Amino acid sequence: MQALQNIQHFLKGVKMDSQTAALLTGVACAVGSVVVLVKKISSHRKAEEKIGRAKNRREESLQRGEQAVLRYKELHPTTDSSFILALSLSEVTKQLKEGSLTPEDVFYSYMEKTLAVNKKLNCCTEILLESLDQLTTVGSNKDGLLYGVPVSIKENIGFKNHDCSCGVVINLDQPVEKDSVLVQVLKKQGAIPFVRTNLPQALLSYDCSNPIYGQTVNPHNPQKTSGGSSGGEGALIGGGGSLLGIGTDIGGSIRIPASFCGICGFKPTAGRLSLKGVRPIYRGQKTVSSSAGPMARDVDSLALCMQALLCDHMFSLDPTVPPLPFNMEIYRSSRPLRIGYLENDGYTHPSPSMARGVREVKALLEQAGHTFVPYCPLKMNEIVPELWLRGLLADGTTSLLQKLKGGPVDPCLEPQVFEYRLPKWLKKIISFLLKPVSPRTSARINALCGVGSIPELWKQHAAVEDYIHETIAHWRSCKIDVLLCPVIGPAYNFLYCGKTSVNTNYTFVYNLLNFPAGVVTVSTVTAEDEEEFEHYPDKFNKVFKEAVTGGEGLPVAVQCVALPWQDELCLRFMKEVEQLVKQSKK
């Protein structure tokens with residue numbers, strides 16, 4: 001009997017403890033929710049404060065730049081800025097060397113123009129006020145190939161005491177301790193880095209908008225994007241505010257804004273120029289190589305920049321860069337070329353204007369005595385999702401999502417980030433369900449899951465190596481020197497870059513292959529191009545058609561490609577295209 005009473009007493013205690021536990025659990029959950037909410041509010045407030053400080057720094061630099069321009073104009077009222085702004089880079093450097101132009105006249109002419117362009121296009125993240133001091137000492141570098149030339153640089157290229165935010169809040173208030181190698185070499189060659197330019201949040205987009213500095217617009221149509229990720233450079237140069245800029249490219253990030261903004265852009269072989277001090281969105285990704293490269297109004301400017309950067313000073317500062325000076329003999333060569341060409345890579349259709357650009361340039365080159373060979377890239381259906389996308393996001397987007405923490409997601413990136421944030425198991429299910437109806441979408445969603453393990457990553461790296469060697473063998477079997485092909489374009493309407501990846505394969509395949517590639521503007525979109533687009537199949541191009549609608553008058557470009565380390569040959573080909581197009585217009 002006593003034992004039974006003891007059991008009842010115990011059970012009663014348990015019951016009471018359970019009620020207490022339930023109460024405590026409820027209280028704990030409520031407190032936890034409050035803590036989470038408080039943390040979220042605190043994180044949001046900190047992000048807003050960081051963004052506010054960055055905007056204030058930009059505004060202050062722009063105001064001080066304007067004040068410096070006004071002071072100079074008051075003291076030098078006869079400076080003919082319109083004459084200076086009309087000169088090419090080679091003409092500017094020549095007149096600076098001769099002394100018929102002063103570095104101050106050139107600098108303040110471009111500073112004034114940059115400030116005006118930025119008001120229209122929102123392409124600058126800050127004026128580098130240190131350039132005002134450098135201007136007073138630039139005479140010590142008078143022998144430099146870029147003596148007295150004001151140069152714009154993309155925001156992720158390290159400049160001492162300034163942030164490299166890559167458009168994400170988490171990177172703000174972390175100024176770098178020293179100039180990147182590229183900036184050091186530019187200064188050694190007499191150039192004056194004077195402004196930093198905008199980019200998309202997290203870099204992995206071909207739009208140009210972020211929550212810190214906002215949306216950059218196109219110099220030819222403010223209702224269009226400037227492209228990305230070097231979109232600030234594209235807009236500033238295309239708008240006439242810079243002679244020469246430095247961008248970076250991991251999937252078309254130099255070439256796409258060059259195409260959208262009507263300028264020239266060059267992605268060298270990865271490793272040809274130093275990336276020391278250039279900030280990626282995350283480090284350690286090795287499948288697809290990034291490149292820094294020049295952007296300018298003409299090809300000669302690109303070549304001069306490469307010649308200036310490929311010098312002993314860079315090779316000394318960064319011994320991992322092969323000491324290969326610029327080969328001017330190859331750039332100036334005029335031997336006939338065997339040119340591979342394609343209007344369609346078999347994976348996506350280019351826009352009518354871009355396909356027309358290739359056809360028209362092909363005809364001009366044939367008339368000039370060059371030989372053409374039809375060419376088609378290998379295995380595009382496999383390499384787009386499995387090698388490029390899965391390799392770029394090998395960790396299943398974990399690193400990228402970590403970089404986006406603590407701040408808002410820009411509208412241009414929201415469609416991508418929505419997919420990235422889906423649980424891996426859900427991505428797998430969606431991929432499985434979509435496979436019968438949309439194999440490409442299925443493969444893309446599956447690629448976002450990453451490689452899964454280190455052995456799989458090694459297999460992926462091996463597959464990329466195999467693809468590079470297969471492509472080189474295919475190239476040589478065709479006996480071609482260079483390749484002429486489309487580039488993505490014309491410029492997109494806002495918010496469409498995150499909704500469709502159509503035609504990005506025309507640029508990113510050459511990052512995967514590590515082939516040098518450049519873009520030359522050759523024409524503009526016509527009413528006939530727009531009309532022809534209406535007859536493209538909706539099933540494949542509905543979003544793309546919406547993205548580029550209203551493109552009449554926008555720039556049309558072509559892409560020129562060469563084998564690895566044949567950067568000078570690629571530039572020589574680009575120069576030939578540029579010259580023939582100019583002659584045809586006369």
# chains A, B, ... in the order shown; residues from 1 in each chain; ligands from 1
call {"tool": "residues_around", "arguments": {"residues": "A:Glu382", "least_positions_apart": "6", "cutoff": "10 Å", "atoms": "only C-alpha atoms", "output": "ChimeraX atom specification"}}
result
/A:388,440,443
call {"tool": "residues_around", "arguments": {"residues": "A:Tyr147", "least_positions_apart": "2", "cutoff": "10 Å", "atoms": "only C-alpha atoms", "output": "list in words"}}
result
Val92, Thr93, Lys94, Leu96, Lys97, Pro103, Val138, Gly139, Ser140, Asn141, Lys142, Asp143, Gly144, Leu145, Val149, Pro150, Leu186, Lys187, Lys188, Gln189, Gly190, Ala191 and Ile192 of chain A
call {"tool": "residues_around", "arguments": {"residues": "A:Thr225", "least_positions_apart": "3", "cutoff": "6 Å", "atoms": "only C-alpha atoms", "output": "ChimeraX atom specification"}}
result
/A:217-218,492,494
call {"tool": "write_last_selection", "arguments": {"atoms": "all heavy atoms", "output": "compact mmCIF listing (two decimals), in the first residue's frame"}}
result
# COMPACT_ATOMS: atom_id res chain seq x y z
N VAL A 217 22.84 53.35 -64.55
CA VAL A 217 22.03 53.27 -65.77
C VAL A 217 22.91 53.42 -67.01
O VAL A 217 24.06 53.83 -66.95
CB VAL A 217 20.89 54.32 -65.77
CG1 VAL A 217 20.03 54.15 -64.52
CG2 VAL A 217 21.43 55.74 -65.84
N ASN A 218 22.31 53.10 -68.14
CA ASN A 218 23.05 53.03 -69.41
C ASN A 218 23.22 54.43 -70.02
O ASN A 218 22.27 55.21 -70.05
CB ASN A 218 22.28 52.13 -70.37
CG ASN A 218 23.09 51.75 -71.58
OD1 ASN A 218 23.33 52.58 -72.46
ND2 ASN A 218 23.52 50.51 -71.66
N TYR A 492 19.89 45.37 -71.41
CA TYR A 492 18.64 44.88 -70.83
C TYR A 492 17.86 45.99 -70.11
O TYR A 492 18.43 46.96 -69.61
CB TYR A 492 18.93 43.79 -69.80
CG TYR A 492 19.25 42.43 -70.36
CD1 TYR A 492 19.78 42.27 -71.64
CD2 TYR A 492 19.03 41.28 -69.60
CE1 TYR A 492 20.08 41.01 -72.13
CE2 TYR A 492 19.33 40.02 -70.08
CZ TYR A 492 19.86 39.88 -71.35
OH TYR A 492 20.14 38.64 -71.83
N PHE A 494 15.70 47.04 -66.75
CA PHE A 494 16.03 46.80 -65.34
C PHE A 494 15.35 45.54 -64.80
O PHE A 494 14.24 45.21 -65.20
CB PHE A 494 15.63 48.00 -64.48
CG PHE A 494 16.38 49.26 -64.82
CD1 PHE A 494 15.69 50.44 -65.05
CD2 PHE A 494 17.75 49.27 -64.95
CE1 PHE A 494 16.37 51.60 -65.38
CE2 PHE A 494 18.45 50.42 -65.27
CZ PHE A 494 17.74 51.59 -65.49
call {"tool": "residues_around", "arguments": {"residues": "A:Pro385", "least_positions_apart": "6", "cutoff": "12 Å", "atoms": "only C-alpha atoms", "output": "number ranges by chain"}}
result
A: 347, 379, 391-394, 439-451, 460, 501, 505, 508-509, 512
call {"tool": "closest_atom_pairs", "arguments": {"of": "stretch 192-271 of chain A", "to": "stretch 539-562 of chain A", "cutoff": "8 Å", "atoms": "only C-alpha atoms", "output": "tab-separated table"}}
result
residue	atom	partner	partner_atom	distance
A:His220	CA	A:Leu554	CA	6.5
A:Asn221	CA	A:Leu554	CA	7.7
A:Ser259	CA	A:Ala557	CA	5.4
A:Phe260	CA	A:Pro555	CA	6.4
A:Cys261	CA	A:Pro555	CA	6.7
A:Gly262	CA	A:Pro555	CA	5.0
call {"tool": "closest_atom_pairs", "arguments": {"of": "stretch 52-148 of chain A", "to": "stretch 198-208 of chain A", "cutoff": "7 Å", "atoms": "only C-alpha atoms", "output": "JSON lines"}}
result
{"residue": "A:Cys123", "atom": "CA", "partner": "A:Asn198", "partner_atom": "CA", "distance": 5.3}
{"residue": "A:Cys124", "atom": "CA", "partner": "A:Asn198", "partner_atom": "CA", "distance": 5.5}
{"residue": "A:Thr125", "atom": "CA", "partner": "A:Asn198", "partner_atom": "CA", "distance": 5.6}
call {"tool": "closest_residue", "arguments": {"among": "A:Pro222, A:Gly241, A:Pro322, A:Pro423", "to": "A:Arg196", "atoms": "only C-alpha atoms"}}
result
A:Gly241
call {"tool": "closest_residue", "arguments": {"among": "A:Val181, A:Cys412, A:Ile383, A:Val117", "to": "A:Gly238", "atoms": "only C-alpha atoms"}}
result
A:Val117
call {"tool": "atom_distance", "arguments": {"atom1": "atom CA of A:Asp567", "atom2": "atom CA of A:Ala517"}}
result
8.0 Å
call {"tool": "select_by_dssp", "arguments": {"residues": "stretch 253-488 of chain A", "states": "strand (DSSP E)", "output": "PyMOL selection string"}}
result
chain A and resi 264-267+291-296+338-341+371-374+482-485
call {"tool": "write_last_selection", "arguments": {"atoms": "all heavy atoms", "output": "short mmCIF file (atom, residue, chain, number, x, y, z; two decimals), in the first residue's frame"}}
result
data_model
loop_
_atom_site.label_atom_id
_atom_site.label_comp_id
_atom_site.auth_asym_id
_atom_site.auth_seq_id
_atom_site.Cartn_x
_atom_site.Cartn_y
_atom_site.Cartn_z
N CYS A 264 34.89 49.45 -75.85
CA CYS A 264 35.71 48.26 -76.03
C CYS A 264 36.15 47.73 -74.66
O CYS A 264 36.44 48.52 -73.75
CB CYS A 264 36.97 48.59 -76.85
SG CYS A 264 36.62 49.15 -78.53
N GLY A 265 36.19 46.43 -74.52
CA GLY A 265 36.64 45.82 -73.27
C GLY A 265 37.41 44.56 -73.55
O GLY A 265 37.11 43.83 -74.50
N PHE A 266 38.42 44.28 -72.72
CA PHE A 266 39.30 43.13 -72.97
C PHE A 266 39.51 42.33 -71.71
O PHE A 266 39.91 42.87 -70.66
CB PHE A 266 40.65 43.62 -73.50
CG PHE A 266 41.62 42.50 -73.79
CD1 PHE A 266 41.32 41.50 -74.70
CD2 PHE A 266 42.86 42.45 -73.14
CE1 PHE A 266 42.23 40.47 -74.95
CE2 PHE A 266 43.75 41.44 -73.39
CZ PHE A 266 43.44 40.44 -74.30
N LYS A 267 39.22 41.03 -71.78
CA LYS A 267 39.52 40.08 -70.70
C LYS A 267 40.77 39.31 -71.08
O LYS A 267 40.74 38.46 -71.97
CB LYS A 267 38.36 39.09 -70.52
CG LYS A 267 38.63 38.04 -69.44
CD LYS A 267 37.76 36.80 -69.60
CE LYS A 267 38.30 35.83 -70.63
NZ LYS A 267 39.53 35.13 -70.20
N SER A 291 39.70 37.50 -64.27
CA SER A 291 40.75 38.30 -64.89
C SER A 291 40.46 39.78 -64.66
O SER A 291 39.31 40.20 -64.71
CB SER A 291 40.82 38.07 -66.41
OG SER A 291 41.08 36.73 -66.72
N ALA A 292 41.50 40.55 -64.44
CA ALA A 292 41.39 42.01 -64.51
C ALA A 292 41.75 42.43 -65.92
O ALA A 292 42.55 41.77 -66.59
CB ALA A 292 42.34 42.66 -63.51
N GLY A 293 41.13 43.51 -66.39
CA GLY A 293 41.43 43.94 -67.74
C GLY A 293 40.97 45.36 -68.01
O GLY A 293 40.20 45.94 -67.24
N PRO A 294 41.44 45.94 -69.12
CA PRO A 294 41.13 47.34 -69.44
C PRO A 294 39.82 47.51 -70.19
O PRO A 294 39.36 46.62 -70.91
CB PRO A 294 42.32 47.75 -70.33
CG PRO A 294 42.72 46.48 -71.02
CD PRO A 294 42.44 45.37 -70.05
N MET A 295 39.22 48.69 -70.02
CA MET A 295 38.03 49.11 -70.75
C MET A 295 38.28 50.52 -71.26
O MET A 295 38.83 51.35 -70.53
CB MET A 295 36.80 49.05 -69.84
CG MET A 295 36.56 47.68 -69.24
SD MET A 295 35.27 47.64 -67.96
CE MET A 295 33.80 47.87 -68.95
N ALA A 296 37.92 50.79 -72.50
CA ALA A 296 38.22 52.09 -73.10
C ALA A 296 37.35 52.31 -74.33
O ALA A 296 36.54 51.47 -74.70
CB ALA A 296 39.71 52.16 -73.48
N ARG A 338 43.22 33.03 -90.27
CA ARG A 338 42.14 32.05 -90.42
C ARG A 338 41.23 32.23 -89.20
O ARG A 338 41.66 32.05 -88.07
CB ARG A 338 42.69 30.63 -90.47
CG ARG A 338 43.18 30.22 -91.86
CD ARG A 338 43.72 28.80 -91.86
NE ARG A 338 42.72 27.79 -91.52
CZ ARG A 338 41.91 27.21 -92.42
NH1 ARG A 338 41.97 27.57 -93.69
NH2 ARG A 338 41.05 26.28 -92.03
N ILE A 339 40.00 32.61 -89.49
CA ILE A 339 39.09 33.04 -88.42
C ILE A 339 37.92 32.06 -88.30
O ILE A 339 37.18 31.83 -89.27
CB ILE A 339 38.55 34.46 -88.70
CG1 ILE A 339 39.72 35.44 -88.86
CG2 ILE A 339 37.61 34.90 -87.58
CD1 ILE A 339 39.30 36.79 -89.42
N GLY A 340 37.78 31.46 -87.14
CA GLY A 340 36.57 30.68 -86.86
C GLY A 340 35.43 31.64 -86.60
O GLY A 340 35.63 32.75 -86.12
N TYR A 341 34.20 31.24 -86.93
CA TYR A 341 33.08 32.13 -86.66
C TYR A 341 31.84 31.31 -86.32
O TYR A 341 31.68 30.17 -86.72
CB TYR A 341 32.79 33.05 -87.86
CG TYR A 341 32.08 32.36 -89.01
CD1 TYR A 341 30.70 32.46 -89.15
CD2 TYR A 341 32.78 31.62 -89.94
CE1 TYR A 341 30.04 31.82 -90.19
CE2 TYR A 341 32.14 30.97 -90.98
CZ TYR A 341 30.76 31.08 -91.11
OH TYR A 341 30.11 30.43 -92.13
N THR A 371 40.46 34.48 -94.08
CA THR A 371 39.75 33.24 -94.37
C THR A 371 38.86 32.86 -93.20
O THR A 371 39.28 32.95 -92.05
CB THR A 371 40.75 32.10 -94.64
OG1 THR A 371 41.62 32.49 -95.71
CG2 THR A 371 40.04 30.81 -94.99
N PHE A 372 37.65 32.39 -93.49
CA PHE A 372 36.71 32.01 -92.43
C PHE A 372 36.43 30.52 -92.43
O PHE A 372 36.33 29.88 -93.48
CB PHE A 372 35.41 32.80 -92.56
CG PHE A 372 35.49 34.14 -91.89
CD1 PHE A 372 36.05 35.22 -92.56
CD2 PHE A 372 35.03 34.32 -90.60
CE1 PHE A 372 36.14 36.46 -91.94
CE2 PHE A 372 35.13 35.55 -89.97
CZ PHE A 372 35.67 36.62 -90.64
N VAL A 373 36.29 29.99 -91.22
CA VAL A 373 36.00 28.56 -91.01
C VAL A 373 34.84 28.46 -90.02
O VAL A 373 34.92 29.02 -88.92
CB VAL A 373 37.23 27.83 -90.43
CG1 VAL A 373 36.91 26.36 -90.20
CG2 VAL A 373 38.45 28.01 -91.32
N PRO A 374 33.76 27.75 -90.37
CA PRO A 374 32.67 27.59 -89.41
C PRO A 374 33.17 26.88 -88.15
O PRO A 374 33.99 25.96 -88.22
CB PRO A 374 31.65 26.71 -90.15
CG PRO A 374 31.99 26.88 -91.59
CD PRO A 374 33.47 27.09 -91.66
N VAL A 482 41.99 32.72 -84.63
CA VAL A 482 41.14 33.46 -83.71
C VAL A 482 39.69 33.09 -84.00
O VAL A 482 39.39 32.39 -84.98
CB VAL A 482 41.33 34.99 -83.87
CG1 VAL A 482 42.68 35.44 -83.34
CG2 VAL A 482 41.16 35.41 -85.33
N LEU A 483 38.79 33.60 -83.15
CA LEU A 483 37.37 33.27 -83.28
C LEU A 483 36.54 34.55 -83.23
O LEU A 483 36.78 35.42 -82.38
CB LEU A 483 36.95 32.33 -82.15
CG LEU A 483 35.47 31.93 -82.06
CD1 LEU A 483 35.09 31.05 -83.25
CD2 LEU A 483 35.20 31.19 -80.75
N LEU A 484 35.56 34.66 -84.12
CA LEU A 484 34.59 35.76 -84.12
C LEU A 484 33.24 35.19 -83.71
O LEU A 484 32.76 34.23 -84.32
CB LEU A 484 34.50 36.39 -85.51
CG LEU A 484 33.44 37.48 -85.70
CD1 LEU A 484 33.83 38.74 -84.94
CD2 LEU A 484 33.24 37.79 -87.19
N CYS A 485 32.60 35.78 -82.70
CA CYS A 485 31.33 35.23 -82.22
C CYS A 485 30.49 36.33 -81.57
O CYS A 485 30.98 37.43 -81.32
CB CYS A 485 31.59 34.09 -81.24
SG CYS A 485 32.56 34.55 -79.79
#
call {"tool": "closest_residue", "arguments": {"among": "A:Gly369, A:Gly396, A:Pro211, A:Pro219", "to": "A:Val168", "atoms": "only C-alpha atoms"}}
result
A:Pro211
call {"tool": "residues_around", "arguments": {"residues": "A:Asn56", "least_positions_apart": "4", "cutoff": "12 Å", "atoms": "only C-alpha atoms", "output": "PDB file with N, CA and C atoms, in the first residue's frame"}}
result
ATOM      1  N   GLU A  49      23.297  51.989 -40.743  1.00  0.00           N
ATOM      2  CA  GLU A  49      24.350  52.926 -40.330  1.00  0.00           C
ATOM      3  C   GLU A  49      25.579  52.799 -41.223  1.00  0.00           C
ATOM      4  N   LYS A  50      25.961  51.555 -41.548  1.00  0.00           N
ATOM      5  CA  LYS A  50      27.107  51.337 -42.441  1.00  0.00           C
ATOM      6  C   LYS A  50      26.847  51.934 -43.819  1.00  0.00           C
ATOM      7  N   ILE A  51      25.657  51.658 -44.338  1.00  0.00           N
ATOM      8  CA  ILE A  51      25.300  52.187 -45.656  1.00  0.00           C
ATOM      9  C   ILE A  51      25.288  53.716 -45.615  1.00  0.00           C
ATOM     10  N   GLY A  52      24.762  54.268 -44.532  1.00  0.00           N
ATOM     11  CA  GLY A  52      24.733  55.727 -44.390  1.00  0.00           C
ATOM     12  C   GLY A  52      26.122  56.335 -44.400  1.00  0.00           C
ATOM     13  N   GLU A  60      30.588  63.325 -49.802  1.00  0.00           N
ATOM     14  CA  GLU A  60      31.650  64.271 -49.449  1.00  0.00           C
ATOM     15  C   GLU A  60      32.733  64.309 -50.525  1.00  0.00           C
ATOM     16  N   SER A  61      33.100  63.124 -51.039  1.00  0.00           N
ATOM     17  CA  SER A  61      34.144  63.082 -52.072  1.00  0.00           C
ATOM     18  C   SER A  61      33.680  63.767 -53.347  1.00  0.00           C
ATOM     19  N   LEU A  62      32.401  63.587 -53.708  1.00  0.00           N
ATOM     20  CA  LEU A  62      31.869  64.236 -54.907  1.00  0.00           C
ATOM     21  C   LEU A  62      31.858  65.761 -54.731  1.00  0.00           C
ATOM     22  N   GLN A  63      31.455  66.217 -53.548  1.00  0.00           N
ATOM     23  CA  GLN A  63      31.428  67.661 -53.289  1.00  0.00           C
ATOM     24  C   GLN A  63      32.823  68.259 -53.322  1.00  0.00           C
ATOM     25  N   THR A 125      31.339  55.385 -57.213  1.00  0.00           N
ATOM     26  CA  THR A 125      31.170  55.135 -55.779  1.00  0.00           C
ATOM     27  C   THR A 125      31.928  56.161 -54.945  1.00  0.00           C
ATOM     28  N   GLU A 126      32.936  56.777 -55.509  1.00  0.00           N
ATOM     29  CA  GLU A 126      33.623  57.879 -54.822  1.00  0.00           C
ATOM     30  C   GLU A 126      34.717  58.459 -55.701  1.00  0.00           C
ATOM     31  N   ILE A 212      23.991  49.733 -51.452  1.00  0.00           N
ATOM     32  CA  ILE A 212      24.828  50.814 -50.924  1.00  0.00           C
ATOM     33  C   ILE A 212      24.801  52.019 -51.856  1.00  0.00           C
ATOM     34  N   TYR A 213      25.079  51.790 -53.123  1.00  0.00           N
ATOM     35  CA  TYR A 213      25.247  52.891 -54.076  1.00  0.00           C
ATOM     36  C   TYR A 213      24.136  52.986 -55.124  1.00  0.00           C
TER      37      TYR A 213
END
call {"tool": "select_by_dssp", "arguments": {"residues": "stretch 129-257 of chain A", "states": "helix (DSSP H, G or I)", "output": "VMD selection string"}}
result
chain A and resid 130 to 141 169 to 171 181 to 188 231 to 238 255 to 257
call {"tool": "decode", "arguments": {"residues": "stretch 340-359 of chain A", "atoms": "N, CA, C and O atoms", "output": "PDB file, in the first residue's frame"}}
result
ATOM      1  N   GLY A 340      37.777  31.458 -87.136  1.00  0.00           N
ATOM      2  CA  GLY A 340      36.574  30.684 -86.857  1.00  0.00           C
ATOM      3  C   GLY A 340      35.426  31.639 -86.597  1.00  0.00           C
ATOM      4  O   GLY A 340      35.630  32.754 -86.122  1.00  0.00           O
ATOM      5  N   TYR A 341      34.204  31.243 -86.928  1.00  0.00           N
ATOM      6  CA  TYR A 341      33.082  32.127 -86.659  1.00  0.00           C
ATOM      7  C   TYR A 341      31.836  31.314 -86.320  1.00  0.00           C
ATOM      8  O   TYR A 341      31.679  30.168 -86.720  1.00  0.00           O
ATOM      9  N   LEU A 342      30.979  31.935 -85.536  1.00  0.00           N
ATOM     10  CA  LEU A 342      29.686  31.332 -85.239  1.00  0.00           C
ATOM     11  C   LEU A 342      28.686  32.433 -84.963  1.00  0.00           C
ATOM     12  O   LEU A 342      29.019  33.454 -84.376  1.00  0.00           O
ATOM     13  N   GLU A 343      27.470  32.227 -85.425  1.00  0.00           N
ATOM     14  CA  GLU A 343      26.363  33.121 -85.096  1.00  0.00           C
ATOM     15  C   GLU A 343      25.558  32.543 -83.939  1.00  0.00           C
ATOM     16  O   GLU A 343      24.891  33.272 -83.212  1.00  0.00           O
ATOM     17  N   ASN A 344      25.616  31.213 -83.805  1.00  0.00           N
ATOM     18  CA  ASN A 344      24.803  30.517 -82.811  1.00  0.00           C
ATOM     19  C   ASN A 344      25.635  29.367 -82.259  1.00  0.00           C
ATOM     20  O   ASN A 344      26.169  28.559 -83.024  1.00  0.00           O
ATOM     21  N   ASP A 345      25.760  29.292 -80.937  1.00  0.00           N
ATOM     22  CA  ASP A 345      26.605  28.251 -80.339  1.00  0.00           C
ATOM     23  C   ASP A 345      25.875  26.933 -80.115  1.00  0.00           C
ATOM     24  O   ASP A 345      26.424  25.988 -79.548  1.00  0.00           O
ATOM     25  N   GLY A 346      24.613  26.869 -80.558  1.00  0.00           N
ATOM     26  CA  GLY A 346      23.854  25.633 -80.408  1.00  0.00           C
ATOM     27  C   GLY A 346      23.178  25.497 -79.057  1.00  0.00           C
ATOM     28  O   GLY A 346      22.414  24.555 -78.834  1.00  0.00           O
ATOM     29  N   TYR A 347      23.442  26.449 -78.147  1.00  0.00           N
ATOM     30  CA  TYR A 347      22.826  26.381 -76.820  1.00  0.00           C
ATOM     31  C   TYR A 347      21.729  27.430 -76.665  1.00  0.00           C
ATOM     32  O   TYR A 347      20.641  27.134 -76.203  1.00  0.00           O
ATOM     33  N   THR A 348      22.029  28.684 -77.055  1.00  0.00           N
ATOM     34  CA  THR A 348      21.001  29.723 -77.065  1.00  0.00           C
ATOM     35  C   THR A 348      21.147  30.564 -78.325  1.00  0.00           C
ATOM     36  O   THR A 348      22.228  30.679 -78.899  1.00  0.00           O
ATOM     37  N   HIS A 349      20.022  31.162 -78.732  1.00  0.00           N
ATOM     38  CA  HIS A 349      20.022  32.055 -79.886  1.00  0.00           C
ATOM     39  C   HIS A 349      20.485  33.447 -79.457  1.00  0.00           C
ATOM     40  O   HIS A 349      19.965  33.985 -78.484  1.00  0.00           O
ATOM     41  N   PRO A 350      21.401  34.041 -80.189  1.00  0.00           N
ATOM     42  CA  PRO A 350      21.728  35.448 -79.903  1.00  0.00           C
ATOM     43  C   PRO A 350      20.587  36.331 -80.382  1.00  0.00           C
ATOM     44  O   PRO A 350      19.724  35.894 -81.158  1.00  0.00           O
ATOM     45  N   SER A 351      20.556  37.578 -79.945  1.00  0.00           N
ATOM     46  CA  SER A 351      19.553  38.514 -80.452  1.00  0.00           C
ATOM     47  C   SER A 351      19.823  38.761 -81.936  1.00  0.00           C
ATOM     48  O   SER A 351      20.945  38.588 -82.417  1.00  0.00           O
ATOM     49  N   PRO A 352      18.800  39.154 -82.707  1.00  0.00           N
ATOM     50  CA  PRO A 352      19.001  39.425 -84.137  1.00  0.00           C
ATOM     51  C   PRO A 352      20.110  40.431 -84.404  1.00  0.00           C
ATOM     52  O   PRO A 352      20.888  40.277 -85.349  1.00  0.00           O
ATOM     53  N   SER A 353      20.201  41.467 -83.571  1.00  0.00           N
ATOM     54  CA  SER A 353      21.213  42.501 -83.807  1.00  0.00           C
ATOM     55  C   SER A 353      22.620  41.946 -83.613  1.00  0.00           C
ATOM     56  O   SER A 353      23.546  42.295 -84.368  1.00  0.00           O
ATOM     57  N   MET A 354      22.801  41.095 -82.611  1.00  0.00           N
ATOM     58  CA  MET A 354      24.136  40.550 -82.360  1.00  0.00           C
ATOM     59  C   MET A 354      24.547  39.554 -83.447  1.00  0.00           C
ATOM     60  O   MET A 354      25.713  39.517 -83.849  1.00  0.00           O
ATOM     61  N   ALA A 355      23.607  38.748 -83.911  1.00  0.00           N
ATOM     62  CA  ALA A 355      23.906  37.830 -85.016  1.00  0.00           C
ATOM     63  C   ALA A 355      24.235  38.623 -86.290  1.00  0.00           C
ATOM     64  O   ALA A 355      25.157  38.278 -87.035  1.00  0.00           O
ATOM     65  N   ARG A 356      23.473  39.693 -86.526  1.00  0.00           N
ATOM     66  CA  ARG A 356      23.749  40.551 -87.690  1.00  0.00           C
ATOM     67  C   ARG A 356      25.130  41.170 -87.583  1.00  0.00           C
ATOM     68  O   ARG A 356      25.872  41.275 -88.581  1.00  0.00           O
ATOM     69  N   GLY A 357      25.516  41.603 -86.378  1.00  0.00           N
ATOM     70  CA  GLY A 357      26.840  42.177 -86.185  1.00  0.00           C
ATOM     71  C   GLY A 357      27.939  41.227 -86.612  1.00  0.00           C
ATOM     72  O   GLY A 357      28.902  41.629 -87.288  1.00  0.00           O
ATOM     73  N   VAL A 358      27.800  39.950 -86.247  1.00  0.00           N
ATOM     74  CA  VAL A 358      28.794  38.949 -86.638  1.00  0.00           C
ATOM     75  C   VAL A 358      28.826  38.792 -88.161  1.00  0.00           C
ATOM     76  O   VAL A 358      29.904  38.757 -88.774  1.00  0.00           O
ATOM     77  N   ARG A 359      27.645  38.723 -88.787  1.00  0.00           N
ATOM     78  CA  ARG A 359      27.599  38.552 -90.250  1.00  0.00           C
ATOM     79  C   ARG A 359      28.253  39.729 -90.970  1.00  0.00           C
ATOM     80  O   ARG A 359      29.021  39.546 -91.922  1.00  0.00           O
TER      81      ARG A 359
END
